[in-house]
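See below for final_13.tsv, which holds TSV, C-alpha atoms.
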chain	number	residue	atom	x	y	z
I	195	MET	CA	16.23	-11.14	-15.62
I	196	ALA	CA	19.17	-10.69	-18.00
I	197	GLU	CA	20.07	-7.40	-16.35
I	198	PHE	CA	20.43	-9.13	-13.03
I	199	ALA	CA	22.43	-11.96	-14.48
I	200	ARG	CA	24.91	-9.75	-16.30
I	201	ASP	CA	28.34	-10.78	-15.16
I	202	ARG	CA	29.54	-7.73	-13.35
I	203	GLU	CA	30.64	-6.67	-9.95
I	204	THR	CA	27.88	-5.82	-7.51
I	205	GLY	CA	26.99	-2.31	-8.62
I	206	HIS	CA	25.21	0.51	-6.89
I	207	PRO	CA	23.23	-0.80	-3.91
I	208	GLU	CA	20.12	1.06	-5.04
I	209	GLN	CA	20.24	-0.67	-8.42
I	210	LEU	CA	20.92	-4.00	-6.72
I	211	LEU	CA	17.92	-3.59	-4.41
I	212	ALA	CA	15.74	-2.68	-7.40
I	213	ASP	CA	16.96	-5.79	-9.25
I	214	LEU	CA	16.18	-7.96	-6.23
I	215	THR	CA	12.67	-6.49	-5.99
I	216	ARG	CA	12.14	-7.28	-9.66
I	217	ILE	CA	13.39	-10.82	-9.29
I	218	ARG	CA	11.17	-11.33	-6.21
I	219	GLY	CA	8.14	-10.19	-8.22
I	220	ALA	CA	9.02	-12.57	-11.07
I	221	VAL	CA	9.27	-15.55	-8.68
I	222	ARG	CA	5.92	-14.66	-7.11
I	223	ARG	CA	4.30	-14.47	-10.54
I	224	ASP	CA	5.83	-17.80	-11.54
I	225	ARG	CA	4.64	-19.67	-8.49
I	226	GLN	CA	1.11	-18.29	-8.47
I	227	ALA	CA	-1.41	-20.93	-9.48
I	228	ASN	CA	-4.56	-19.50	-7.95
I	229	ALA	CA	-6.89	-19.92	-10.93
I	230	PHE	CA	-7.48	-23.58	-10.03
I	231	PRO	CA	-8.76	-23.18	-6.45
I	232	LEU	CA	-10.96	-20.24	-7.50
I	233	LEU	CA	-12.51	-22.08	-10.44
I	234	ALA	CA	-12.75	-25.43	-8.62
I	235	PHE	CA	-14.45	-24.03	-5.53
I	236	GLY	CA	-16.58	-21.76	-7.76
I	237	ALA	CA	-17.79	-24.79	-9.73
I	238	LEU	CA	-18.37	-26.82	-6.54
I	239	THR	CA	-20.38	-23.95	-5.02
I	240	LEU	CA	-22.43	-23.56	-8.19
I	241	ALA	CA	-23.04	-27.32	-8.32
I	242	SER	CA	-24.41	-27.23	-4.77
I	243	ALA	CA	-27.17	-24.78	-5.77
I	244	PRO	CA	-29.92	-27.41	-6.46
I	245	LEU	CA	-29.54	-28.63	-2.86
I	246	TYR	CA	-30.54	-25.17	-1.61
I	247	LEU	CA	-33.94	-25.31	-3.34
I	248	ASP	CA	-36.41	-25.18	-0.47
I	249	SER	CA	-40.15	-24.89	-0.81
I	250	ILE	CA	-40.95	-24.21	2.82
I	251	GLY	CA	-39.57	-20.70	3.41
I	252	PRO	CA	-37.79	-19.20	6.38
I	253	ASP	CA	-40.69	-18.37	8.66
I	254	THR	CA	-42.39	-21.77	8.74
I	255	LEU	CA	-42.09	-24.09	11.72
I	256	ARG	CA	-40.10	-27.11	10.59
I	257	PRO	CA	-39.60	-30.57	12.01
I	258	GLN	CA	-36.26	-30.90	13.85
I	259	HIS	CA	-33.55	-32.53	11.72
I	260	GLU	CA	-31.42	-35.25	13.31
I	261	ASN	CA	-28.56	-35.22	10.82
I	262	PRO	CA	-25.50	-37.47	11.24
I	263	VAL	CA	-22.47	-35.78	12.78
I	264	LEU	CA	-20.51	-35.98	9.51
I	265	ALA	CA	-23.32	-34.13	7.71
I	266	ALA	CA	-23.26	-31.26	10.21
I	267	LEU	CA	-21.84	-28.84	7.61
I	268	GLY	CA	-25.34	-28.60	6.12
I	269	GLY	CA	-26.86	-27.04	9.23
I	270	ASP	CA	-30.38	-28.04	10.25
I	271	LEU	CA	-32.72	-25.49	8.74
I	272	LEU	CA	-33.08	-26.30	5.07
I	273	GLN	CA	-35.08	-29.21	3.69
I	274	ASN	CA	-31.98	-30.81	2.16
I	275	SER	CA	-29.62	-29.99	5.02
I	276	GLU	CA	-28.35	-33.57	5.34
I	277	ALA	CA	-27.60	-33.79	1.61
I	278	ILE	CA	-25.94	-30.35	1.80
I	279	GLY	CA	-23.77	-31.63	4.67
I	280	TRP	CA	-22.65	-34.76	2.83
I	281	TYR	CA	-22.11	-32.84	-0.40
I	282	TRP	CA	-19.90	-30.21	1.21
I	283	LEU	CA	-17.90	-32.72	3.21
I	284	ALA	CA	-16.94	-34.41	-0.06
I	285	ALA	CA	-16.61	-31.11	-1.95
I	286	LEU	CA	-14.26	-29.56	0.63
I	287	LEU	CA	-12.06	-32.66	0.65
I	288	ILE	CA	-11.97	-32.73	-3.16
I	289	GLY	CA	-11.37	-28.98	-3.40
I	290	TYR	CA	-8.60	-28.82	-0.80
I	291	LEU	CA	-6.81	-32.00	-1.90
I	292	GLY	CA	-7.22	-31.03	-5.55
I	293	THR	CA	-5.69	-27.61	-4.86
I	294	LEU	CA	-2.74	-29.16	-3.02
I	295	GLY	CA	-2.23	-31.59	-5.91
I	296	TRP	CA	-2.46	-28.76	-8.40
I	297	TYR	CA	0.18	-26.70	-6.59
I	298	ARG	CA	2.48	-29.73	-6.44
I	299	ARG	CA	2.01	-30.38	-10.15
I	300	ARG	CA	2.63	-26.75	-10.89
I	301	ALA	CA	5.83	-26.80	-8.79
I	302	LEU	CA	7.15	-29.75	-10.77
I	303	LYS	CA	6.33	-28.04	-14.05
I	304	VAL	CA	7.68	-24.56	-13.28
I	305	GLY	CA	10.39	-25.47	-10.74
I	306	VAL	CA	9.30	-23.21	-7.91
I	307	GLN	CA	7.05	-24.45	-5.11
I	308	THR	CA	4.65	-22.44	-2.97
I	309	PRO	CA	4.66	-23.47	0.71
I	310	THR	CA	1.18	-24.96	1.11
I	311	ARG	CA	1.40	-26.53	4.57
I	312	ASN	CA	-0.59	-23.71	6.21
I	313	TYR	CA	-3.29	-24.09	3.55
I	314	LEU	CA	-3.57	-27.78	4.39
I	315	ILE	CA	-3.79	-26.94	8.10
I	316	ALA	CA	-6.50	-24.33	7.36
I	317	GLY	CA	-8.45	-26.97	5.41
I	318	ILE	CA	-8.23	-29.60	8.15
I	319	PHE	CA	-9.17	-27.17	10.93
I	320	GLY	CA	-11.86	-25.62	8.72
I	321	VAL	CA	-13.61	-28.93	8.04
I	322	LEU	CA	-13.26	-30.22	11.61
I	323	GLY	CA	-14.27	-26.83	13.03
I	324	GLY	CA	-17.29	-26.70	10.70
I	325	LEU	CA	-18.38	-30.16	11.86
I	326	ALA	CA	-17.92	-29.30	15.54
I	327	LEU	CA	-19.44	-25.82	15.36
I	328	GLY	CA	-23.08	-26.87	15.71
I	329	PRO	CA	-22.73	-29.04	18.83
I	330	VAL	CA	-20.29	-26.59	20.48
I	331	LEU	CA	-22.52	-23.56	19.92
I	332	GLN	CA	-25.56	-25.57	20.96
I	333	PHE	CA	-23.86	-26.51	24.22
I	334	LEU	CA	-22.68	-22.94	24.89
I	335	ALA	CA	-26.12	-21.54	24.14
I	336	THR	CA	-28.15	-24.01	26.18
I	337	GLY	CA	-25.89	-25.90	28.57
I	338	THR	CA	-24.31	-22.95	30.34
I	339	SER	CA	-25.52	-20.16	32.61
I	340	THR	CA	-28.01	-17.67	31.20
I	341	SER	CA	-25.50	-14.83	30.97
I	342	VAL	CA	-23.01	-17.00	29.07
I	343	SER	CA	-25.64	-18.40	26.70
I	344	GLU	CA	-27.02	-14.91	26.00
I	345	ALA	CA	-23.53	-13.61	25.29
I	346	VAL	CA	-22.79	-16.57	23.01
I	347	ARG	CA	-26.04	-16.04	21.08
I	348	LEU	CA	-25.25	-12.35	20.66
I	349	VAL	CA	-21.59	-12.70	19.68
I	350	PHE	CA	-22.00	-15.72	17.45
I	351	PHE	CA	-25.27	-14.67	15.81
I	352	PRO	CA	-23.72	-14.31	12.31
I	353	ILE	CA	-22.10	-17.74	12.64
I	354	TYR	CA	-25.42	-19.23	13.82
I	355	ALA	CA	-27.11	-17.76	10.78
I	356	LEU	CA	-24.54	-19.27	8.40
I	357	LEU	CA	-24.75	-22.58	10.24
I	358	TYR	CA	-28.54	-22.77	9.90
I	359	LEU	CA	-28.37	-21.83	6.22
I	360	GLY	CA	-25.73	-24.49	5.42
I	361	LEU	CA	-23.18	-21.85	4.43
I	362	ILE	CA	-20.37	-22.68	6.86
I	363	PRO	CA	-18.59	-24.67	4.09
I	364	VAL	CA	-18.36	-21.50	1.98
I	365	LEU	CA	-16.78	-19.78	4.99
I	366	VAL	CA	-14.24	-22.64	5.15
I	367	VAL	CA	-13.48	-22.01	1.46
I	368	ALA	CA	-13.05	-18.27	2.16
I	369	VAL	CA	-10.65	-18.90	5.05
I	370	GLY	CA	-8.61	-21.26	2.86
I	371	LEU	CA	-8.40	-18.64	0.09
I	372	LEU	CA	-7.29	-15.94	2.54
I	373	VAL	CA	-4.55	-18.26	3.87
I	374	LEU	CA	-3.51	-19.01	0.29
I	375	ALA	CA	-3.52	-15.28	-0.50
I	376	ARG	CA	-1.04	-14.73	2.32
I	377	LEU	CA	1.16	-17.63	1.18
I	378	GLU	CA	1.11	-16.51	-2.44
I	379	ARG	CA	1.23	-12.78	-1.68
I	380	SER	CA	-1.74	-12.58	-4.07
I	381	ARG	CA	-3.93	-9.49	-4.02
I	382	LEU	CA	-6.51	-11.14	-6.27
I	383	LEU	CA	-6.97	-14.05	-3.86
I	384	ALA	CA	-7.21	-11.68	-0.90
I	385	ILE	CA	-9.89	-9.62	-2.66
I	386	ALA	CA	-11.78	-12.77	-3.70
I	387	GLY	CA	-11.63	-14.11	-0.11
I	388	GLY	CA	-12.81	-10.75	1.27
I	389	LEU	CA	-15.70	-10.54	-1.21
I	390	LEU	CA	-16.65	-14.12	-0.36
I	391	VAL	CA	-16.87	-13.23	3.34
I	392	ALA	CA	-18.89	-10.11	2.44
I	393	SER	CA	-21.30	-12.16	0.32
I	394	LEU	CA	-21.75	-14.55	3.26
I	395	ALA	CA	-22.46	-11.64	5.58
I	396	LEU	CA	-25.22	-10.55	3.21
I	397	ALA	CA	-26.91	-13.98	3.17
I	398	PRO	CA	-28.73	-13.79	6.56
I	399	VAL	CA	-29.65	-10.17	5.89
I	400	TYR	CA	-31.17	-11.19	2.57
I	401	VAL	CA	-33.08	-14.16	4.01
I	402	ASN	CA	-34.56	-12.01	6.78
I	403	THR	CA	-35.50	-9.10	4.55
I	404	ALA	CA	-36.45	-10.80	1.25
I	405	PRO	CA	-39.85	-9.41	0.21
I	406	PHE	CA	-41.46	-12.80	-0.41
I	407	GLY	CA	-43.71	-12.90	2.65
I	408	ASP	CA	-45.80	-16.06	2.80
I	409	ASP	CA	-45.06	-16.84	-0.84
I	410	PHE	CA	-41.38	-17.71	-0.30
I	411	PRO	CA	-40.43	-19.39	-3.59
I	412	SER	CA	-38.44	-22.64	-3.69
I	413	VAL	CA	-35.56	-20.72	-5.32
I	414	GLY	CA	-35.61	-18.18	-2.48
I	415	TYR	CA	-32.41	-19.47	-0.84
I	416	LEU	CA	-30.47	-19.81	-4.09
I	417	PRO	CA	-28.91	-16.32	-4.02
I	418	THR	CA	-27.11	-17.27	-0.80
I	419	VAL	CA	-24.94	-19.73	-2.78
I	420	LEU	CA	-25.12	-18.20	-6.24
I	421	LEU	CA	-23.49	-14.94	-5.14
I	422	PRO	CA	-20.42	-16.70	-3.60
I	423	ALA	CA	-20.21	-18.93	-6.70
I	424	LEU	CA	-20.28	-15.84	-8.91
I	425	VAL	CA	-17.51	-14.19	-6.86
I	426	LEU	CA	-15.31	-17.30	-7.10
I	427	LEU	CA	-15.88	-17.94	-10.79
I	428	THR	CA	-15.33	-14.29	-11.74
I	429	ALA	CA	-12.07	-14.19	-9.76
I	430	GLY	CA	-11.09	-17.53	-11.35
I	431	VAL	CA	-11.64	-16.17	-14.87
I	432	ILE	CA	-9.58	-13.06	-14.02
I	433	ALA	CA	-6.80	-15.27	-12.58
I	434	THR	CA	-6.80	-17.47	-15.69
I	435	THR	CA	-6.62	-14.46	-18.00
I	436	ARG	CA	-3.80	-12.93	-16.00
I	437	ALA	CA	-1.87	-16.21	-15.91
I	438	ARG	CA	-2.18	-16.56	-19.70
I	439	ARG	CA	-0.96	-13.01	-20.22
I	440	THR	CA	1.97	-13.48	-17.84
I	441	HIS	CA	3.15	-16.73	-19.40
I	442	ALA	CA	2.36	-15.80	-23.01
M	405	MET	CA	19.06	26.74	21.90
M	406	THR	CA	20.89	23.61	20.72
M	407	MET	CA	18.68	20.91	19.28
M	408	PRO	CA	19.58	17.24	19.90
M	409	PRO	CA	20.85	15.48	16.76
M	410	ASP	CA	18.25	13.63	14.66
M	411	SER	CA	18.63	9.90	15.42
M	412	SER	CA	18.33	9.06	11.71
M	413	GLU	CA	21.05	11.54	10.77
M	414	VAL	CA	24.28	9.99	9.55
M	415	THR	CA	27.26	10.92	11.66
M	416	ASP	CA	30.94	10.28	11.15
M	417	THR	CA	31.03	8.09	14.26
M	418	ASP	CA	28.47	5.59	12.83
M	419	PRO	CA	30.07	2.39	11.50
M	420	HIS	CA	29.92	2.39	7.71
M	421	PRO	CA	27.08	0.10	6.48
M	422	THR	CA	29.51	-1.80	4.26
M	423	GLN	CA	30.88	-3.33	7.45
M	424	ALA	CA	27.60	-5.22	7.81
M	425	LEU	CA	27.88	-6.77	4.33
M	426	ASP	CA	28.70	-10.46	4.33
M	427	ASP	CA	31.09	-11.58	1.57
M	428	THR	CA	29.34	-14.95	1.23
M	429	VAL	CA	25.94	-13.36	0.71
M	430	HIS	CA	26.87	-10.10	-0.98
M	431	GLN	CA	28.05	-11.64	-4.23
M	432	ARG	CA	25.43	-10.69	-6.80
M	433	HIS	CA	24.37	-14.17	-7.91
M	434	ARG	CA	24.40	-15.65	-4.43
M	435	LEU	CA	22.20	-12.77	-3.30
M	436	GLY	CA	19.90	-13.63	-6.22
M	437	ILE	CA	19.80	-17.31	-5.19
M	438	LEU	CA	18.88	-16.42	-1.61
M	439	THR	CA	16.24	-13.92	-2.75
M	440	ILE	CA	14.59	-16.47	-5.05
M	441	THR	CA	14.67	-19.33	-2.54
M	442	ALA	CA	13.30	-17.05	0.21
M	443	GLU	CA	10.16	-16.61	-1.92
M	444	ALA	CA	9.34	-20.31	-2.13
M	445	GLU	CA	9.32	-23.53	-0.17
M	446	ARG	CA	11.89	-24.94	-2.58
M	447	VAL	CA	13.22	-24.12	-6.01
M	448	GLU	CA	14.49	-26.41	-8.75
M	449	PHE	CA	18.08	-26.12	-10.02
M	450	THR	CA	17.02	-25.44	-13.62
M	451	TYR	CA	14.65	-22.66	-12.51
M	452	LEU	CA	17.50	-20.90	-10.70
M	453	ARG	CA	19.83	-21.45	-13.65
M	454	ASP	CA	17.34	-19.97	-16.12
M	455	MET	CA	16.26	-17.13	-13.85
M	456	LEU	CA	19.83	-16.00	-13.20
M	457	THR	CA	21.02	-17.00	-16.70
M	458	LEU	CA	24.01	-18.83	-15.28
M	459	THR	CA	25.71	-21.95	-16.59
M	460	GLY	CA	25.06	-25.14	-14.62
M	461	GLY	CA	28.66	-25.27	-13.44
M	462	ASN	CA	28.67	-21.67	-12.29
M	463	LEU	CA	25.41	-22.11	-10.40
M	464	SER	CA	26.73	-25.30	-8.78
M	465	ARG	CA	29.75	-23.43	-7.46
M	466	HIS	CA	27.59	-20.68	-5.93
M	467	LEU	CA	25.27	-23.29	-4.41
M	468	ALA	CA	28.24	-25.12	-2.90
M	469	VAL	CA	29.43	-21.91	-1.21
M	470	LEU	CA	25.96	-21.19	0.21
M	471	ALA	CA	25.41	-24.80	1.30
M	472	GLU	CA	28.80	-24.90	3.01
M	473	ALA	CA	27.84	-21.75	4.95
M	474	GLY	CA	24.58	-23.46	6.00
M	475	LEU	CA	22.43	-20.90	4.18
M	476	ILE	CA	20.67	-23.35	1.85
M	477	ASP	CA	19.78	-27.04	1.76
M	478	VAL	CA	20.29	-28.95	-1.46
M	479	THR	CA	18.23	-32.11	-2.01
M	480	LYS	CA	18.78	-34.41	-4.97
M	481	GLY	CA	16.16	-36.90	-6.03
M	482	TYR	CA	14.08	-38.26	-8.89
M	483	GLU	CA	10.66	-37.29	-10.14
M	484	GLY	CA	9.77	-40.38	-12.13
M	485	ARG	CA	12.88	-41.01	-14.20
M	486	ARG	CA	13.95	-37.40	-14.26
M	487	PRO	CA	16.66	-36.33	-11.81
M	488	ARG	CA	15.77	-33.21	-9.86
M	489	THR	CA	17.78	-30.98	-7.56
M	490	TRP	CA	15.76	-28.85	-5.17
M	491	ILE	CA	17.17	-25.93	-3.21
M	492	ALA	CA	15.57	-24.57	-0.04
M	493	ILE	CA	16.71	-21.65	2.09
M	494	THR	CA	17.52	-22.39	5.76
M	495	PRO	CA	16.53	-20.17	8.71
M	496	ALA	CA	20.18	-19.02	8.85
M	497	GLY	CA	19.90	-18.16	5.15
M	498	ARG	CA	16.78	-16.07	5.77
M	499	ASP	CA	18.54	-14.22	8.59
M	500	ALA	CA	21.63	-13.61	6.45
M	501	LEU	CA	19.49	-12.32	3.57
M	502	ALA	CA	17.54	-10.01	5.86
M	503	ALA	CA	20.80	-8.65	7.36
M	504	GLU	CA	22.25	-8.10	3.87
M	505	LEU	CA	19.15	-6.24	2.70
M	506	ARG	CA	19.20	-4.09	5.83
M	507	ALA	CA	22.84	-3.24	5.19
M	508	LEU	CA	22.15	-2.37	1.56
M	509	GLU	CA	19.22	-0.17	2.55
M	510	ALA	CA	21.40	1.57	5.15
M	511	LEU	CA	24.02	2.12	2.46
M	512	VAL	CA	21.46	3.65	0.11
M	513	LEU	CA	20.18	5.88	2.92
M	514	ARG	CA	23.68	7.01	3.77
M	515	HIS	CA	24.47	7.68	0.12
M	516	ARG	CA	21.33	9.80	-0.25
M	517	ARG	CA	22.19	11.88	2.81
M	518	LYS	CA	25.90	12.13	2.13
M	519	PRO	CA	26.42	11.55	-1.61
M	520	ASP	CA	30.21	11.54	-1.20
M	521	ALA	CA	30.15	8.93	1.65
Rendering of file as structure tokens:
Amino acid sequence: MAEFARDRETGHPEQLLADLTRIRGAVRRDRQANAFPLLAFGALTLASAPLYLDSIGPDTLRPQHENPVLAALGGDLLQNSEAIGWYWLAALLIGYLGTLGWYRRRALKVGVQTPTRNYLIAGIFGVLGGLALGPVLQFLATGTSTSVSEAVRLVFFPIYALLYLGLIPVLVVAVGLLVLARLERSRLLAIAGGLLVASLALAPVYVNTAPFGDDFPSVGYLPTVLLPALVLLTAGVIATTRARRTHA
Amino acid sequence: MTMPPDSSEVTDTDPHPTQALDDTVHQRHRLGILTITAEAERVEFTYLRDMLTLTGGNLSRHLAVLAEAGLIDVTKGYEGRRPRTWIAITPAGRDALAAELRALEALVLRHRRKPDA
């Protein structure tokens, strides 16, 4: 930024505007710290994979789960849905609070702080919304008039599918990353968040079309979490590499 | 047939964009301070000093001018034992920066259309 700092009268406005654009870009690069949330949530998603092992398969009639309200993030379809719910409740809290702590630490180290309040709000509403989603959709689908319940089932079908499969927490992660992308003006985070949403959209399609038939293997549901984990970890590695290059 | 004048065309009756420039904001380093602080929730004194390659005293004087005009907030505190000074832009500062950038862009536009303006 030496050119900007040169002690001279304000020169040509075009040059001044170009200098300001450069300085703005440098500040954005300095305050970006997105490798941590990508890697942390990637690792947490990968670590959840064993919970998605399910020997029953999607087409089998299952006993109704009566999971505690706080474990609602796990849905009620999979064998380990209660464990998935508890795991993700803890994982989302750790991931969001860890990210906020990381950004604060980074601000103290570099001297420029990203506004993270909206990310915190997204996390709180995401977790609470994820917990409330099941009962709310259940009420709308069964406790209202037929036309309303049919409309709700139709409109919210993709959300139902994610809810049953215990993938709402990954959607909460994606929303958080998209909010962070906006706050950081980060294209990488926006792409990672978009790909995460796309991978979630593929999950119900995959489960309903997987060519396993009656021999649904216990690892059959794993791709629904492994693909989002792969997206997050790949983006995290790219972010780490870019950060090292920038600050080298 | 006479065509109506293009609304984006610069005419002699338009006020010159330099009239919209604010002396407090237009100074090169103060414009730099506002631009940097507008990109973050808050910025540390040493970061600004290094980024703009100013001396501490010089930066302090510019900060005092901007704080007096209500364009930035300066907060002094400690992080552990280390003293820290954080600078945050105010809503008035954001407005002033946006107005300054608009004026500069108008000036560039005018210069491109009428190089001798």
Pick from I:Leu286, I:Leu396, I:Val342, I:Ile217 nearest to chain M, counting all atoms listed in the file: I:Ile217
Nearest to Ala227 in chain I, chosen from I:Ala285, I:Leu421, I:Leu314, I:Leu374, with only C-alpha atoms counted in the distances: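 Between I:Ala285, I:Leu421, I:Leu314, I:Leu374, the residue approaching Ala227 in chain I most closely is I:Leu374.
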Straight-line distance linking CA of Leu247 in chain I with CA of Ala397 in chain I, stated in Å to one decimal: 14.8 Å
Closest contacts (range 413-485 of chain M/range 497-501 of chain M, max 8 Å, all atoms listed in the file) as CSV:
residue,atom,partner,partner_atom,distance
M:Val429,CA,M:Leu501,CA,7.1
M:Leu435,CA,M:Leu501,CA,7.4
M:Leu438,CA,M:Leu501,CA,6.6
M:Thr439,CA,M:Leu501,CA,7.3
M:Ala442,CA,M:Arg498,CA,6.6
M:Gly474,CA,M:Gly497,CA,7.1
M:Leu475,CA,M:Gly497,CA,3.9
M:Ile476,CA,M:Gly497,CA,6.2
Residues of chain M within 7 Å of chain I, counting all atoms listed in the file, as a PyMOL selection string: chain M and resi 431-432+436+439-440+443-448+451+455-457+508+512
Limited to C-alpha atoms, could you put the picked residues into a file as a PDB file, in the coordinates of the input?
ATOM      1  CA  GLN M 431      28.050 -11.640  -4.230  1.00  0.00           C
ATOM      2  CA  ARG M 432      25.430 -10.690  -6.800  1.00  0.00           C
ATOM      3  CA  GLY M 436      19.900 -13.630  -6.220  1.00  0.00           C
ATOM      4  CA  THR M 439      16.240 -13.920  -2.750  1.00  0.00           C
ATOM      5  CA  ILE M 440      14.590 -16.470  -5.050  1.00  0.00           C
ATOM      6  CA  GLU M 443      10.160 -16.610  -1.920  1.00  0.00           C
ATOM      7  CA  ALA M 444       9.340 -20.310  -2.130  1.00  0.00           C
ATOM      8  CA  GLU M 445       9.320 -23.530  -0.170  1.00  0.00           C
ATOM      9  CA  ARG M 446      11.890 -24.940  -2.580  1.00  0.00           C
ATOM     10  CA  VAL M 447      13.220 -24.120  -6.010  1.00  0.00           C
ATOM     11  CA  GLU M 448      14.490 -26.410  -8.750  1.00  0.00           C
ATOM     12  CA  TYR M 451      14.650 -22.660 -12.510  1.00  0.00           C
ATOM     13  CA  MET M 455      16.260 -17.130 -13.850  1.00  0.00           C
ATOM     14  CA  LEU M 456      19.830 -16.000 -13.200  1.00  0.00           C
ATOM     15  CA  THR M 457      21.020 -17.000 -16.700  1.00  0.00           C
ATOM     16  CA  LEU M 508      22.150  -2.370   1.560  1.00  0.00           C
ATOM     17  CA  VAL M 512      21.460   3.650   0.110  1.00  0.00           C
TER      18      VAL M 512
END
Atom pair CA of Arg381 in chain I / CA of Ile315 in chain I: separation (Å): 21.2 Å
